[in-house]
Structures are given as structure tokens and as C-alpha cells.
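Text of coords_20.cif, listed as mmCIF, C-alpha atoms:
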data_structure
loop_
_atom_site.group_PDB
_atom_site.id
_atom_site.type_symbol
_atom_site.label_atom_id
_atom_site.label_comp_id
_atom_site.auth_asym_id
_atom_site.auth_seq_id
_atom_site.Cartn_x
_atom_site.Cartn_y
_atom_site.Cartn_z
ATOM 1 C CA MET A 907 99.714 107.951 62.872
ATOM 2 C CA THR A 908 101.432 104.630 62.160
ATOM 3 C CA GLU A 909 105.066 105.420 63.021
ATOM 4 C CA MET A 910 106.607 106.872 66.166
ATOM 5 C CA ALA A 911 109.995 108.008 67.372
ATOM 6 C CA ALA A 912 111.849 105.570 69.608
ATOM 7 C CA VAL A 913 115.332 104.935 70.979
ATOM 8 C CA VAL A 914 116.696 101.461 70.245
ATOM 9 C CA THR A 915 119.822 99.495 71.100
ATOM 10 C CA ALA A 916 122.560 99.360 68.449
ATOM 11 C CA ASP A 917 125.957 97.717 69.031
ATOM 12 C CA GLY A 918 125.671 98.203 72.782
ATOM 13 C CA LYS A 919 124.748 101.875 72.372
ATOM 14 C CA LEU A 920 121.516 103.810 71.845
ATOM 15 C CA ALA A 921 120.197 105.167 68.544
ATOM 16 C CA ASP A 922 117.177 107.156 67.380
ATOM 17 C CA ALA A 923 114.733 105.208 65.186
ATOM 18 C CA SER A 924 111.245 105.236 63.707
ATOM 19 C CA VAL A 925 109.104 102.201 64.565
ATOM 20 C CA PRO A 926 105.402 101.237 64.300
ATOM 21 C CA VAL A 927 103.013 102.567 66.929
ATOM 22 C CA PRO A 928 101.963 99.616 69.136
ATOM 23 C CA GLU A 929 98.468 98.147 68.979
ATOM 24 C CA PRO A 930 96.871 97.211 72.315
ATOM 25 C CA GLY A 931 96.370 93.568 73.242
ATOM 26 C CA PRO A 932 93.173 92.574 75.082
ATOM 27 C CA ARG A 933 94.461 93.671 78.532
ATOM 28 C CA ASP A 934 96.747 96.446 77.251
ATOM 29 C CA LEU A 935 96.785 100.199 77.500
ATOM 30 C CA VAL A 936 98.580 102.261 74.876
ATOM 31 C CA VAL A 937 100.203 105.184 76.684
ATOM 32 C CA ARG A 938 101.648 108.364 75.254
ATOM 33 C CA VAL A 939 104.890 108.520 77.215
ATOM 34 C CA GLU A 940 105.478 111.958 78.744
ATOM 35 C CA ALA A 941 108.425 111.113 81.006
ATOM 36 C CA VAL A 942 110.750 108.212 81.811
ATOM 37 C CA SER A 943 113.487 107.474 84.295
ATOM 38 C CA VAL A 944 116.676 105.456 83.948
ATOM 39 C CA ASN A 945 117.571 102.568 86.260
ATOM 40 C CA PRO A 946 120.699 100.403 86.544
ATOM 41 C CA VAL A 947 118.822 97.607 84.745
ATOM 42 C CA ASP A 948 118.667 99.774 81.594
ATOM 43 C CA ALA A 949 122.445 100.012 81.407
ATOM 44 C CA LYS A 950 122.820 96.358 82.360
ATOM 45 C CA VAL A 951 120.712 95.019 79.465
ATOM 46 C CA ARG A 952 121.804 97.602 76.865
ATOM 47 C CA PRO A 953 124.634 95.426 75.424
ATOM 48 C CA GLY A 954 122.183 92.696 74.357
ATOM 49 C CA PRO A 955 120.559 92.220 70.914
ATOM 50 C CA ASP A 956 120.121 95.243 68.675
ATOM 51 C CA GLY A 957 116.791 96.902 67.949
ATOM 52 C CA ARG A 958 115.278 96.678 71.435
ATOM 53 C CA ILE A 959 113.418 99.560 73.062
ATOM 54 C CA LEU A 960 114.588 99.851 76.671
ATOM 55 C CA GLY A 961 113.022 101.818 79.511
ATOM 56 C CA TYR A 962 111.306 100.380 82.575
ATOM 57 C CA ASP A 963 109.714 103.435 84.169
ATOM 58 C CA ALA A 964 107.187 105.765 82.594
ATOM 59 C CA ALA A 965 104.389 108.226 83.203
ATOM 60 C CA GLY A 966 101.953 109.354 80.551
ATOM 61 C CA THR A 967 98.406 109.497 79.231
ATOM 62 C CA VAL A 968 96.292 106.578 78.015
ATOM 63 C CA THR A 969 95.456 106.946 74.299
ATOM 64 C CA ALA A 970 93.893 103.537 73.573
ATOM 65 C CA VAL A 971 92.676 100.478 75.505
ATOM 66 C CA GLY A 972 92.228 96.793 74.693
ATOM 67 C CA GLY A 973 88.835 95.134 74.643
ATOM 68 C CA GLU A 974 89.215 93.500 78.072
ATOM 69 C CA VAL A 975 90.552 96.546 79.952
ATOM 70 C CA THR A 976 88.436 97.420 82.999
ATOM 71 C CA ARG A 977 90.508 99.757 85.217
ATOM 72 C CA PHE A 978 91.430 102.593 82.857
ATOM 73 C CA ARG A 979 90.025 104.679 80.037
ATOM 74 C CA VAL A 980 91.412 107.006 77.378
ATOM 75 C CA GLY A 981 92.690 110.223 78.933
ATOM 76 C CA ASP A 982 93.770 108.720 82.266
ATOM 77 C CA GLU A 983 97.182 109.791 83.573
ATOM 78 C CA VAL A 984 99.179 106.740 84.659
ATOM 79 C CA TYR A 985 102.574 105.526 85.873
ATOM 80 C CA TYR A 986 104.182 102.095 85.747
ATOM 81 C CA ALA A 987 107.407 100.072 85.388
ATOM 82 C CA GLY A 988 106.224 97.709 82.650
ATOM 83 C CA ASP A 989 107.515 94.307 81.616
ATOM 84 C CA ILE A 990 111.139 93.508 80.759
ATOM 85 C CA THR A 991 110.023 90.975 78.123
ATOM 86 C CA ARG A 992 108.178 93.640 76.045
ATOM 87 C CA PRO A 993 109.243 96.869 74.295
ATOM 88 C CA GLY A 994 110.027 99.550 76.863
ATOM 89 C CA SER A 995 109.164 103.173 77.502
ATOM 90 C CA ASN A 996 111.896 104.920 75.498
ATOM 91 C CA ALA A 997 109.415 105.729 72.739
ATOM 92 C CA GLU A 998 106.520 108.063 72.034
ATOM 93 C CA PHE A 999 103.968 105.344 72.787
ATOM 94 C CA GLN A 1000 104.080 102.088 74.746
ATOM 95 C CA ALA A 1001 101.691 99.155 75.138
ATOM 96 C CA VAL A 1002 101.531 97.881 78.730
ATOM 97 C CA ASP A 1003 99.356 95.388 80.612
ATOM 98 C CA GLU A 1004 96.816 97.341 82.674
ATOM 99 C CA ARG A 1005 97.440 95.066 85.668
ATOM 100 C CA LEU A 1006 100.943 96.567 86.053
ATOM 101 C CA VAL A 1007 99.722 100.180 85.947
ATOM 102 C CA GLY A 1008 98.636 102.697 88.574
ATOM 103 C CA HIS A 1009 96.902 106.062 88.335
ATOM 104 C CA LYS A 1010 99.541 108.791 88.502
ATOM 105 C CA PRO A 1011 99.751 110.623 91.843
ATOM 106 C CA ALA A 1012 97.718 113.794 91.353
ATOM 107 C CA SER A 1013 100.214 115.902 93.295
ATOM 108 C CA LEU A 1014 103.173 115.021 91.037
ATOM 109 C CA ASP A 1015 103.967 116.070 87.484
ATOM 110 C CA PHE A 1016 104.808 113.409 84.905
ATOM 111 C CA ALA A 1017 108.561 113.646 85.485
ATOM 112 C CA GLU A 1018 108.263 113.261 89.261
ATOM 113 C CA ALA A 1019 105.912 110.314 88.831
ATOM 114 C CA ALA A 1020 108.161 108.585 86.278
ATOM 115 C CA GLY A 1021 110.943 108.402 88.853
ATOM 116 C CA LEU A 1022 108.951 106.160 91.190
ATOM 117 C CA PRO A 1023 107.438 102.936 89.787
ATOM 118 C CA LEU A 1024 110.350 100.475 89.501
ATOM 119 C CA THR A 1025 112.005 101.575 92.720
ATOM 120 C CA THR A 1026 108.720 101.761 94.614
ATOM 121 C CA ILE A 1027 107.690 98.258 93.527
ATOM 122 C CA THR A 1028 111.124 96.875 94.417
ATOM 123 C CA ALA A 1029 111.137 98.562 97.823
ATOM 124 C CA TRP A 1030 107.544 97.550 98.596
ATOM 125 C CA GLU A 1031 108.105 93.898 97.632
ATOM 126 C CA THR A 1032 111.315 93.876 99.687
ATOM 127 C CA LEU A 1033 109.686 95.179 102.832
ATOM 128 C CA PHE A 1034 106.211 93.681 102.720
ATOM 129 C CA ASP A 1035 106.481 90.556 100.535
ATOM 130 C CA HIS A 1036 109.926 89.224 101.478
ATOM 131 C CA LEU A 1037 110.447 90.593 105.002
ATOM 132 C CA ARG A 1038 106.732 90.479 105.910
ATOM 133 C CA ALA A 1039 106.931 93.812 107.693
ATOM 134 C CA THR A 1040 103.853 95.228 109.437
ATOM 135 C CA PRO A 1041 103.105 98.555 111.133
ATOM 136 C CA GLU A 1042 104.171 96.882 114.401
ATOM 137 C CA SER A 1043 107.529 95.568 113.103
ATOM 138 C CA GLU A 1044 110.476 96.645 115.252
ATOM 139 C CA GLY A 1045 114.234 96.105 115.126
ATOM 140 C CA ASP A 1046 117.239 97.391 113.189
ATOM 141 C CA PHE A 1047 117.122 97.485 109.387
ATOM 142 C CA LEU A 1048 120.361 98.085 107.456
ATOM 143 C CA ILE A 1049 119.999 99.422 103.900
ATOM 144 C CA VAL A 1050 123.154 98.964 101.784
ATOM 145 C CA GLY A 1051 123.042 101.235 98.742
ATOM 146 C CA ALA A 1052 120.631 103.552 100.549
ATOM 147 C CA PRO A 1053 121.270 106.741 98.494
ATOM 148 C CA GLY A 1054 120.132 105.062 95.238
ATOM 149 C CA GLY A 1055 116.638 104.937 93.792
ATOM 150 C CA VAL A 1056 115.412 101.817 95.608
ATOM 151 C CA GLY A 1057 117.086 102.758 98.884
ATOM 152 C CA SER A 1058 115.538 106.229 98.791
ATOM 153 C CA VAL A 1059 112.030 104.747 98.659
ATOM 154 C CA LEU A 1060 112.796 101.878 101.041
ATOM 155 C CA ILE A 1061 113.969 104.289 103.743
ATOM 156 C CA GLN A 1062 110.686 106.200 103.466
ATOM 157 C CA LEU A 1063 108.501 103.095 103.567
ATOM 158 C CA ALA A 1064 110.311 101.615 106.553
ATOM 159 C CA ARG A 1065 110.340 104.921 108.419
ATOM 160 C CA THR A 1066 106.682 105.830 107.854
ATOM 161 C CA LEU A 1067 104.894 102.446 107.712
ATOM 162 C CA THR A 1068 106.802 100.421 110.349
ATOM 163 C CA ARG A 1069 108.584 100.948 113.671
ATOM 164 C CA LEU A 1070 111.923 99.778 112.318
ATOM 165 C CA ARG A 1071 115.086 101.726 113.091
ATOM 166 C CA VAL A 1072 116.599 102.498 109.684
ATOM 167 C CA ILE A 1073 120.398 102.438 109.319
ATOM 168 C CA ALA A 1074 121.514 103.684 105.901
ATOM 169 C CA THR A 1075 124.899 103.434 104.192
ATOM 170 C CA ALA A 1076 126.475 106.572 102.751
ATOM 171 C CA GLY A 1077 129.982 107.013 101.335
ATOM 172 C CA ARG A 1078 129.975 110.786 100.902
ATOM 173 C CA PRO A 1079 128.695 113.759 102.938
ATOM 174 C CA GLU A 1080 126.084 114.538 100.282
ATOM 175 C CA SER A 1081 124.896 110.927 100.383
ATOM 176 C CA ALA A 1082 124.564 111.052 104.162
ATOM 177 C CA GLN A 1083 122.587 114.276 103.897
ATOM 178 C CA TRP A 1084 120.283 112.717 101.287
ATOM 179 C CA VAL A 1085 119.458 109.547 103.250
ATOM 180 C CA ARG A 1086 118.770 111.579 106.381
ATOM 181 C CA LYS A 1087 116.396 113.704 104.297
ATOM 182 C CA MET A 1088 114.635 110.485 103.222
ATOM 183 C CA GLY A 1089 114.188 109.572 106.891
ATOM 184 C CA ALA A 1090 117.121 107.380 107.968
ATOM 185 C CA HIS A 1091 117.636 107.257 111.747
ATOM 186 C CA GLU A 1092 121.378 106.521 111.441
ATOM 187 C CA THR A 1093 123.999 106.733 108.683
ATOM 188 C CA VAL A 1094 127.074 104.506 108.398
ATOM 189 C CA ASP A 1095 130.126 104.755 106.158
ATOM 190 C CA ARG A 1096 129.993 101.896 103.669
ATOM 191 C CA LYS A 1097 133.805 101.895 103.371
ATOM 192 C CA ASP A 1098 134.156 100.327 106.861
ATOM 193 C CA LEU A 1099 130.783 98.654 106.995
ATOM 194 C CA ALA A 1100 131.161 96.080 109.777
ATOM 195 C CA ALA A 1101 132.704 98.477 112.292
ATOM 196 C CA GLU A 1102 130.263 101.246 111.402
ATOM 197 C CA VAL A 1103 127.168 99.056 111.659
ATOM 198 C CA LEU A 1104 128.242 97.529 114.975
ATOM 199 C CA ARG A 1105 128.876 101.035 116.276
ATOM 200 C CA ALA A 1106 125.300 102.005 115.372
ATOM 201 C CA ALA A 1107 123.779 98.653 116.416
ATOM 202 C CA PRO A 1108 126.156 96.870 118.845
ATOM 203 C CA ARG A 1109 124.025 93.709 118.913
ATOM 204 C CA GLY A 1110 123.769 93.618 115.114
ATOM 205 C CA VAL A 1111 120.845 94.193 112.777
ATOM 206 C CA ASP A 1112 117.716 92.108 112.213
ATOM 207 C CA TRP A 1113 117.171 92.763 108.513
ATOM 208 C CA LEU A 1114 119.415 93.859 105.654
ATOM 209 C CA PHE A 1115 118.707 95.077 102.126
ATOM 210 C CA THR A 1116 121.557 95.219 99.620
ATOM 211 C CA SER A 1117 122.160 96.431 96.096
ATOM 212 C CA PHE A 1118 125.926 95.876 96.500
ATOM 213 C CA SER A 1119 126.817 92.341 97.612
ATOM 214 C CA ALA A 1120 130.149 91.568 95.925
ATOM 215 C CA GLY A 1121 132.730 90.732 98.574
ATOM 216 C CA GLN A 1122 130.317 91.598 101.371
ATOM 217 C CA ILE A 1123 128.853 88.231 102.427
ATOM 218 C CA PRO A 1124 131.279 87.761 105.374
ATOM 219 C CA VAL A 1125 130.501 91.322 106.478
ATOM 220 C CA PHE A 1126 126.769 90.664 106.279
ATOM 221 C CA ALA A 1127 127.246 87.487 108.339
ATOM 222 C CA GLU A 1128 129.088 89.508 110.962
ATOM 223 C CA VAL A 1129 126.574 92.330 111.328
ATOM 224 C CA LEU A 1130 123.343 90.295 111.151
ATOM 225 C CA ARG A 1131 121.832 88.708 114.223
ATOM 226 C CA PRO A 1132 121.003 84.973 114.210
ATOM 227 C CA PHE A 1133 117.884 84.169 112.121
ATOM 228 C CA GLY A 1134 118.201 87.484 110.306
ATOM 229 C CA HIS A 1135 117.120 88.132 106.725
ATOM 230 C CA ILE A 1136 118.854 89.601 103.654
ATOM 231 C CA VAL A 1137 117.065 90.858 100.534
ATOM 232 C CA ALA A 1138 119.355 91.347 97.513
ATOM 233 C CA ILE A 1139 118.651 92.921 94.127
ATOM 234 C CA ASP A 1140 122.121 92.775 92.562
ATOM 235 C CA ASP A 1141 123.707 89.873 90.678
ATOM 236 C CA GLU A 1142 127.251 89.985 92.005
ATOM 237 C CA HIS A 1143 127.737 88.100 95.232
ATOM 238 C CA ASP A 1144 129.975 85.395 96.617
ATOM 239 C CA ASP A 1145 129.247 82.061 98.288
ATOM 240 C CA VAL A 1146 126.527 82.572 100.906
ATOM 241 C CA TYR A 1147 127.837 79.731 103.098
ATOM 242 C CA PRO A 1148 129.137 82.150 105.797
ATOM 243 C CA LEU A 1149 125.470 82.916 106.558
ATOM 244 C CA LYS A 1150 124.660 79.338 107.551
ATOM 245 C CA SER A 1151 125.937 79.304 111.136
ATOM 246 C CA LYS A 1152 123.479 82.074 112.068
ATOM 247 C CA SER A 1153 120.582 80.575 110.036
ATOM 248 C CA ILE A 1154 120.378 83.778 108.012
ATOM 249 C CA THR A 1155 117.849 83.718 105.172
ATOM 250 C CA TRP A 1156 118.744 85.066 101.706
ATOM 251 C CA HIS A 1157 115.931 86.469 99.534
ATOM 252 C CA TRP A 1158 116.136 87.521 95.881
ATOM 253 C CA GLU A 1159 114.003 90.476 94.834
ATOM 254 C CA PHE A 1160 113.293 90.911 91.102
ATOM 255 C CA MET A 1161 110.353 93.175 90.417
ATOM 256 C CA PHE A 1162 109.875 91.779 86.902
ATOM 257 C CA ALA A 1163 109.134 88.294 88.286
ATOM 258 C CA ARG A 1164 105.389 89.010 88.431
ATOM 259 C CA SER A 1165 105.106 90.179 84.825
ATOM 260 C CA THR A 1166 107.568 87.641 83.393
ATOM 261 C CA HIS A 1167 105.861 84.654 85.007
ATOM 262 C CA GLN A 1168 102.315 86.045 85.249
ATOM 263 C CA ALA A 1169 102.512 85.638 89.030
ATOM 264 C CA CYS A 1170 99.677 87.862 90.275
ATOM 265 C CA PRO A 1171 100.775 90.869 88.149
ATOM 266 C CA GLU A 1172 97.797 92.856 89.403
ATOM 267 C CA ALA A 1173 99.577 93.152 92.765
ATOM 268 C CA GLN A 1174 101.907 95.730 91.200
ATOM 269 C CA GLY A 1175 99.069 97.886 89.926
ATOM 270 C CA THR A 1176 97.472 97.725 93.350
ATOM 271 C CA LEU A 1177 100.608 98.753 95.202
ATOM 272 C CA LEU A 1178 101.226 101.629 92.778
ATOM 273 C CA GLY A 1179 97.713 102.831 93.580
ATOM 274 C CA THR A 1180 98.410 102.560 97.310
ATOM 275 C CA ASN A 1181 101.644 104.501 96.955
ATOM 276 C CA ALA A 1182 99.971 107.193 94.846
ATOM 277 C CA ASP A 1183 97.593 107.758 97.770
ATOM 278 C CA LEU A 1184 100.529 107.925 100.212
ATOM 279 C CA ILE A 1185 102.285 110.471 97.993
ATOM 280 C CA ASP A 1186 99.171 112.622 97.627
ATOM 281 C CA LYS A 1187 98.727 112.559 101.427
ATOM 282 C CA GLY A 1188 102.321 113.708 101.924
ATOM 283 C CA VAL A 1189 103.479 110.473 103.576
ATOM 284 C CA LEU A 1190 105.977 109.708 100.778
ATOM 285 C CA ARG A 1191 107.908 112.091 98.542
ATOM 286 C CA SER A 1192 109.416 112.045 95.074
ATOM 287 C CA THR A 1193 113.038 110.886 94.868
ATOM 288 C CA VAL A 1194 113.924 112.792 91.680
ATOM 289 C CA THR A 1195 117.214 114.686 91.936
ATOM 290 C CA ARG A 1196 117.931 115.476 88.286
ATOM 291 C CA ARG A 1197 115.761 116.296 85.253
ATOM 292 C CA ILE A 1198 116.866 116.099 81.626
ATOM 293 C CA GLU A 1199 114.755 117.643 78.879
ATOM 294 C CA GLY A 1200 114.048 115.473 75.856
ATOM 295 C CA ILE A 1201 113.781 111.699 75.355
ATOM 296 C CA ASN A 1202 116.197 110.740 72.587
ATOM 297 C CA ALA A 1203 119.409 108.798 72.052
ATOM 298 C CA ALA A 1204 121.629 111.680 73.164
ATOM 299 C CA THR A 1205 119.779 112.440 76.407
ATOM 300 C CA LEU A 1206 119.340 108.773 77.303
ATOM 301 C CA THR A 1207 123.020 108.088 76.625
ATOM 302 C CA GLU A 1208 123.910 110.846 79.073
ATOM 303 C CA ALA A 1209 121.516 109.387 81.657
ATOM 304 C CA HIS A 1210 123.045 105.919 81.200
ATOM 305 C CA ARG A 1211 126.515 107.419 81.681
ATOM 306 C CA LEU A 1212 125.446 109.014 84.939
ATOM 307 C CA ILE A 1213 123.841 105.788 86.209
ATOM 308 C CA GLU A 1214 126.966 103.794 85.372
ATOM 309 C CA SER A 1215 129.104 106.272 87.349
ATOM 310 C CA GLY A 1216 127.577 104.909 90.559
ATOM 311 C CA THR A 1217 127.308 108.376 92.105
ATOM 312 C CA VAL A 1218 123.649 109.222 91.456
ATOM 313 C CA LEU A 1219 121.485 110.123 94.438
ATOM 314 C CA GLY A 1220 117.800 109.307 94.026
ATOM 315 C CA LYS A 1221 116.518 109.225 90.445
ATOM 316 C CA ILE A 1222 117.255 110.783 87.037
ATOM 317 C CA VAL A 1223 114.200 111.535 84.876
ATOM 318 C CA LEU A 1224 113.752 112.624 81.260
ATOM 319 C CA SER A 1225 110.668 114.364 79.926
ATOM 320 C CA ARG A 1226 109.317 115.566 76.598
#
File written out as C-alpha cells:
Amino acid sequence: MTEMAAVVTADGKLADASVPVPEPGPRDLVVRVEAVSVNPVDAKVRPGPDGRILGYDAAGTVTAVGGEVTRFRVGDEVYYAGDITRPGSNAEFQAVDERLVGHKPASLDFAEAAGLPLTTITAWETLFDHLRATPESEGDFLIVGAPGGVGSVLIQLARTLTRLRVIATAGRPESAQWVRKMGAHETVDRKDLAAEVLRAAPRGVDWLFTSFSAGQIPVFAEVLRPFGHIVAIDDEHDDVYPLKSKSITWHWEFMFARSTHQACPEAQGTLLGTNADLIDKGVLRSTVTRRIEGINAATLTEAHRLIESGTVLGKIVLSR
């Protein structure tokens, strides 16, 4: 087999195509992709150059390994988020650096597993790399954008692996129900964020995660305590100067930084392994809320449309 089906970018849209099956590099696995999920980054980068294969979450079975691979063998079931600088998972087969890969949680099917890698890595790096949380960490943690994919995992990690009090934003009753199901201690209406947060935490919050920063910097400055911390994953924010008087620290989280800059990429494979164990022990749960059958231009276009609507709870997955 030398050709495979793939979905590629074409004039800012998605199109079915036939492309060569990838060959593994020295540290690569070639994975038969059984399921993928769609993240906001997919829709964000779609308008770029034509002919790219998108997709930054996958679960599947290893079909070939490079000569320097040590952690996996043919037949292993795996999950991963991949590398934004290489062809993505919206194809029958994908080559991926083994250091970015984890063994699939045994208790999940491929679709459930495919919904986790990118959001789990982002949430884990937010909580444990940027905020330096430990099992003894206490205080109030506000999660802005809590019903989304990253927020859904971040709530679970903070609730089960720390002593933090989790305050989650929710703009609709169904969103509030979802974040409480994920483990949030308190919910606040994002439409009146400052008043709602100060109602739930009158002295303000210690830490804040945000996937929606545009126009919110003054609000964040109001609700954070002095020497607080913000971790942001979105690109749209205003001048952060209002944070200065409280010595608030701003962190960027970009889960592709490790793979793009070869900055200890093996840390992502390790944390995916850790989270697979937590899932199989029942500590964490899948965040999949919608399944779509088939991985092709039509089904992925529908998934992109749903993501761009801004109303998705948890994760959308597509499977063969």
C-alpha cells in the first residue's frame, strides 16, 4: 500500500485527497488512525496554505516503527496530539515522534481516547508546569472557558490531584451542569464575570486559567489577588498593564512548544502515560460529548463548524 486517503486544506476549506503513506523516521511510529478529535486550533490554522493535513489528536494502532524507537512496537494501541509542524491525523496513517505518544488507556475505546491528548497535555502543563501545583496546593482557581475541552480536563485535574477550590465559568444551564459533572466546586456566569467571581470568592482568586481573554484583562486584574497568576491559551488579549499594580504574572501555554522546539518532548509522552493510568483507575473520565462516524472532508467540515460555533461542551470525536 503506497497511497492513503487523507483530508487536506483547499482554499480555506477541507477536501478529500489521496497522498503517499508516510515512512517512519528514526524515532517515528507510523500509526493507523482509528479516531481523531477536532480542536479550535484546527479551525484556526485551516485558512493557511493548501494541501496540508490537519488534525492534532488521534488514537490508533502502530503499524511500523523507526530504527531508533524503544518504547513501542507494532500492534500497540496509542494516543497522542502530535506536532503542528508535521502532517496531522486527518488521514489513514500518520508518522509521529514516539516521544510525544502514550499507550492508549485500556478502559477507553479509540474514540474516547482520541478526545483527550491535546486538552490533557494543555491542562497538565497549565497546572503543573506553569502554576507549579502540588497535591498540597490550596486556594481559589478560576477557569474561564471551563465547559470546553481544556477546561473539562483542567477541572478534573485540579479537583482530584490538588486541594484547590475550582470556580468554573458557564454561560448556559447546560454548561453549568457539565462543569459541575467534571467536578467544579462553584459555577459563575461569564456574562457578569467580576461580580460573579467576587460573589463566589469575596477576597478574589489566586490562580486563573483563560481561553477567552479579549476585553477581559481589567476584569482579571479586579478578581485576582496580589501576586496571582494567569495562564492563557488564546491569542486575543489586550494590554496586560492593568495587572502590574498587583504583581500578577502572565503565562502563555502552547502545548506544541515542546515538539516545535524539541524542548524535552518526551515529557508529553510521559504525562500521557500518567493520565492513562489515572483514567484506567477511574480518577479521570473521558470528556467526549459527541461522536461522528467517518473521517472525511464532509464529517470534518461539520466538526469544524460546530467548534467555530463556540457552543461545544467537552470534545467532538470522529472515528472510522
- Residue among A:Gly1045, A:Leu1014, A:Gly957, A:Ala1203 lying closest to Gly1188 in chain A, counting only C-alpha atoms: A:Leu1014
- Message: Using Å and a single decimal, report how far CA of Ser1165 in chain A sits from CA of Ser943 in chain A.
- Response: 19.2 Å
- Query: For Glu1208 in chain A, which residue out of A:Ala1107, A:Leu1224, A:Ala1120, A:Leu1178 is the nearest one, using all atoms listed in the file?
  - Reply: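 For Glu1208 in chain A, the nearest of the given residues is A:Leu1224.
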- Query: Using only C-alpha atoms, which of A:Arg992, A:Arg977, A:His1009, A:His1036 sits nearest Glu1159 in chain A?
  - Reply: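 Among the listed residues, A:His1036 lies closest to Glu1159 in chain A.
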Determine the residue membership of the PyMOL selection byres ((chain A and resi 1171) around 12) for the file above and supply it as an mmCIF file with C-alpha atoms, in the coordinates of the input.
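Wrote it out as result_24.cif, contents follow:
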data_model
loop_
_atom_site.group_PDB
_atom_site.id
_atom_site.type_symbol
_atom_site.label_atom_id
_atom_site.label_comp_id
_atom_site.auth_asym_id
_atom_site.auth_seq_id
_atom_site.Cartn_x
_atom_site.Cartn_y
_atom_site.Cartn_z
ATOM 1 C CA ARG A 933 94.461 93.671 78.532
ATOM 2 C CA TYR A 986 104.182 102.095 85.747
ATOM 3 C CA ALA A 987 107.407 100.072 85.388
ATOM 4 C CA GLY A 988 106.224 97.709 82.650
ATOM 5 C CA ASP A 989 107.515 94.307 81.616
ATOM 6 C CA VAL A 1002 101.531 97.881 78.730
ATOM 7 C CA ASP A 1003 99.356 95.388 80.612
ATOM 8 C CA GLU A 1004 96.816 97.341 82.674
ATOM 9 C CA ARG A 1005 97.440 95.066 85.668
ATOM 10 C CA LEU A 1006 100.943 96.567 86.053
ATOM 11 C CA VAL A 1007 99.722 100.180 85.947
ATOM 12 C CA ILE A 1027 107.690 98.258 93.527
ATOM 13 C CA MET A 1161 110.353 93.175 90.417
ATOM 14 C CA PHE A 1162 109.875 91.779 86.902
ATOM 15 C CA ALA A 1163 109.134 88.294 88.286
ATOM 16 C CA ARG A 1164 105.389 89.010 88.431
ATOM 17 C CA SER A 1165 105.106 90.179 84.825
ATOM 18 C CA THR A 1166 107.568 87.641 83.393
ATOM 19 C CA HIS A 1167 105.861 84.654 85.007
ATOM 20 C CA GLN A 1168 102.315 86.045 85.249
ATOM 21 C CA ALA A 1169 102.512 85.638 89.030
ATOM 22 C CA CYS A 1170 99.677 87.862 90.275
ATOM 23 C CA GLU A 1172 97.797 92.856 89.403
ATOM 24 C CA ALA A 1173 99.577 93.152 92.765
ATOM 25 C CA GLN A 1174 101.907 95.730 91.200
ATOM 26 C CA GLY A 1175 99.069 97.886 89.926
ATOM 27 C CA THR A 1176 97.472 97.725 93.350
ATOM 28 C CA LEU A 1177 100.608 98.753 95.202
ATOM 29 C CA LEU A 1178 101.226 101.629 92.778
#
- Identify all residues satisfying the PyMOL selection byres ((chain A and resi 1042) around 9) in the given file; provide them as a list in words.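 For this structure, the PyMOL selection byres ((chain A and resi 1042) around 9) resolves to Ala1039, Thr1040, Pro1041, Ser1043, Glu1044, Leu1067, Thr1068, Arg1069 and Leu1070 of chain A.
Residues of protein, DNA or RNA having at least one counted atom within 8 Å of (134.9, 94.2, 106.3), given only C-alpha atoms, are A:Asp1098, A:Leu1099, A:Ala1100, A:Ala1101, A:Gln1122, A:Pro1124, A:Val1125.
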Could you give me the axis-aligned bounding box of range 957-966 of chain A, with 6 Å of padding per side, as centre plus edge lengths in Å to one decimal, as AutoDock Vina command-line options?
--center_x 109.4 --center_y 103.0 --center_z 76.1 --size_x 26.8 --size_y 24.7 --size_z 28.2
Requested file, range 1133-1137 of chain A restricted to all heavy atoms, as a PDB file, in the first residue's frame:
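Written out: result38.pdb:
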ATOM      1  N   PHE A1133      -0.127  39.170  43.498  1.00  0.00           N
ATOM      2  CA  PHE A1133       0.843  38.102  43.229  1.00  0.00           C
ATOM      3  C   PHE A1133       0.166  36.842  42.676  1.00  0.00           C
ATOM      4  O   PHE A1133       0.717  35.746  42.758  1.00  0.00           O
ATOM      5  CB  PHE A1133       1.673  37.766  44.481  1.00  0.00           C
ATOM      6  CG  PHE A1133       2.351  38.955  45.073  1.00  0.00           C
ATOM      7  CD1 PHE A1133       1.842  39.569  46.207  1.00  0.00           C
ATOM      8  CD2 PHE A1133       3.478  39.492  44.466  1.00  0.00           C
ATOM      9  CE1 PHE A1133       2.449  40.693  46.745  1.00  0.00           C
ATOM     10  CE2 PHE A1133       4.099  40.624  45.001  1.00  0.00           C
ATOM     11  CZ  PHE A1133       3.584  41.224  46.136  1.00  0.00           C
ATOM     12  N   GLY A1134      -1.016  37.033  42.085  1.00  0.00           N
ATOM     13  CA  GLY A1134      -1.693  35.917  41.446  1.00  0.00           C
ATOM     14  C   GLY A1134      -1.058  35.557  40.111  1.00  0.00           C
ATOM     15  O   GLY A1134      -0.126  36.211  39.625  1.00  0.00           O
ATOM     16  N   HIS A1135      -1.594  34.512  39.500  1.00  0.00           N
ATOM     17  CA  HIS A1135      -1.059  34.005  38.228  1.00  0.00           C
ATOM     18  C   HIS A1135      -2.194  33.761  37.244  1.00  0.00           C
ATOM     19  O   HIS A1135      -3.264  33.273  37.626  1.00  0.00           O
ATOM     20  CB  HIS A1135      -0.303  32.693  38.437  1.00  0.00           C
ATOM     21  CG  HIS A1135       0.970  32.842  39.202  1.00  0.00           C
ATOM     22  ND1 HIS A1135       2.202  32.838  38.591  1.00  0.00           N
ATOM     23  CD2 HIS A1135       1.196  33.015  40.533  1.00  0.00           C
ATOM     24  CE1 HIS A1135       3.141  32.987  39.519  1.00  0.00           C
ATOM     25  NE2 HIS A1135       2.558  33.099  40.703  1.00  0.00           N
ATOM     26  N   ILE A1136      -1.933  34.082  35.967  1.00  0.00           N
ATOM     27  CA  ILE A1136      -2.855  33.804  34.862  1.00  0.00           C
ATOM     28  C   ILE A1136      -2.139  32.907  33.856  1.00  0.00           C
ATOM     29  O   ILE A1136      -0.983  33.167  33.496  1.00  0.00           O
ATOM     30  CB  ILE A1136      -3.288  35.088  34.141  1.00  0.00           C
ATOM     31  CG1 ILE A1136      -4.033  36.034  35.090  1.00  0.00           C
ATOM     32  CG2 ILE A1136      -4.163  34.767  32.924  1.00  0.00           C
ATOM     33  CD1 ILE A1136      -4.336  37.390  34.475  1.00  0.00           C
ATOM     34  N   VAL A1137      -2.809  31.870  33.398  1.00  0.00           N
ATOM     35  CA  VAL A1137      -2.323  31.064  32.269  1.00  0.00           C
ATOM     36  C   VAL A1137      -3.323  31.229  31.133  1.00  0.00           C
ATOM     37  O   VAL A1137      -4.514  30.983  31.309  1.00  0.00           O
ATOM     38  CB  VAL A1137      -2.176  29.581  32.630  1.00  0.00           C
ATOM     39  CG1 VAL A1137      -1.664  28.797  31.418  1.00  0.00           C
ATOM     40  CG2 VAL A1137      -1.228  29.404  33.807  1.00  0.00           C
TER      41      VAL A1137
END
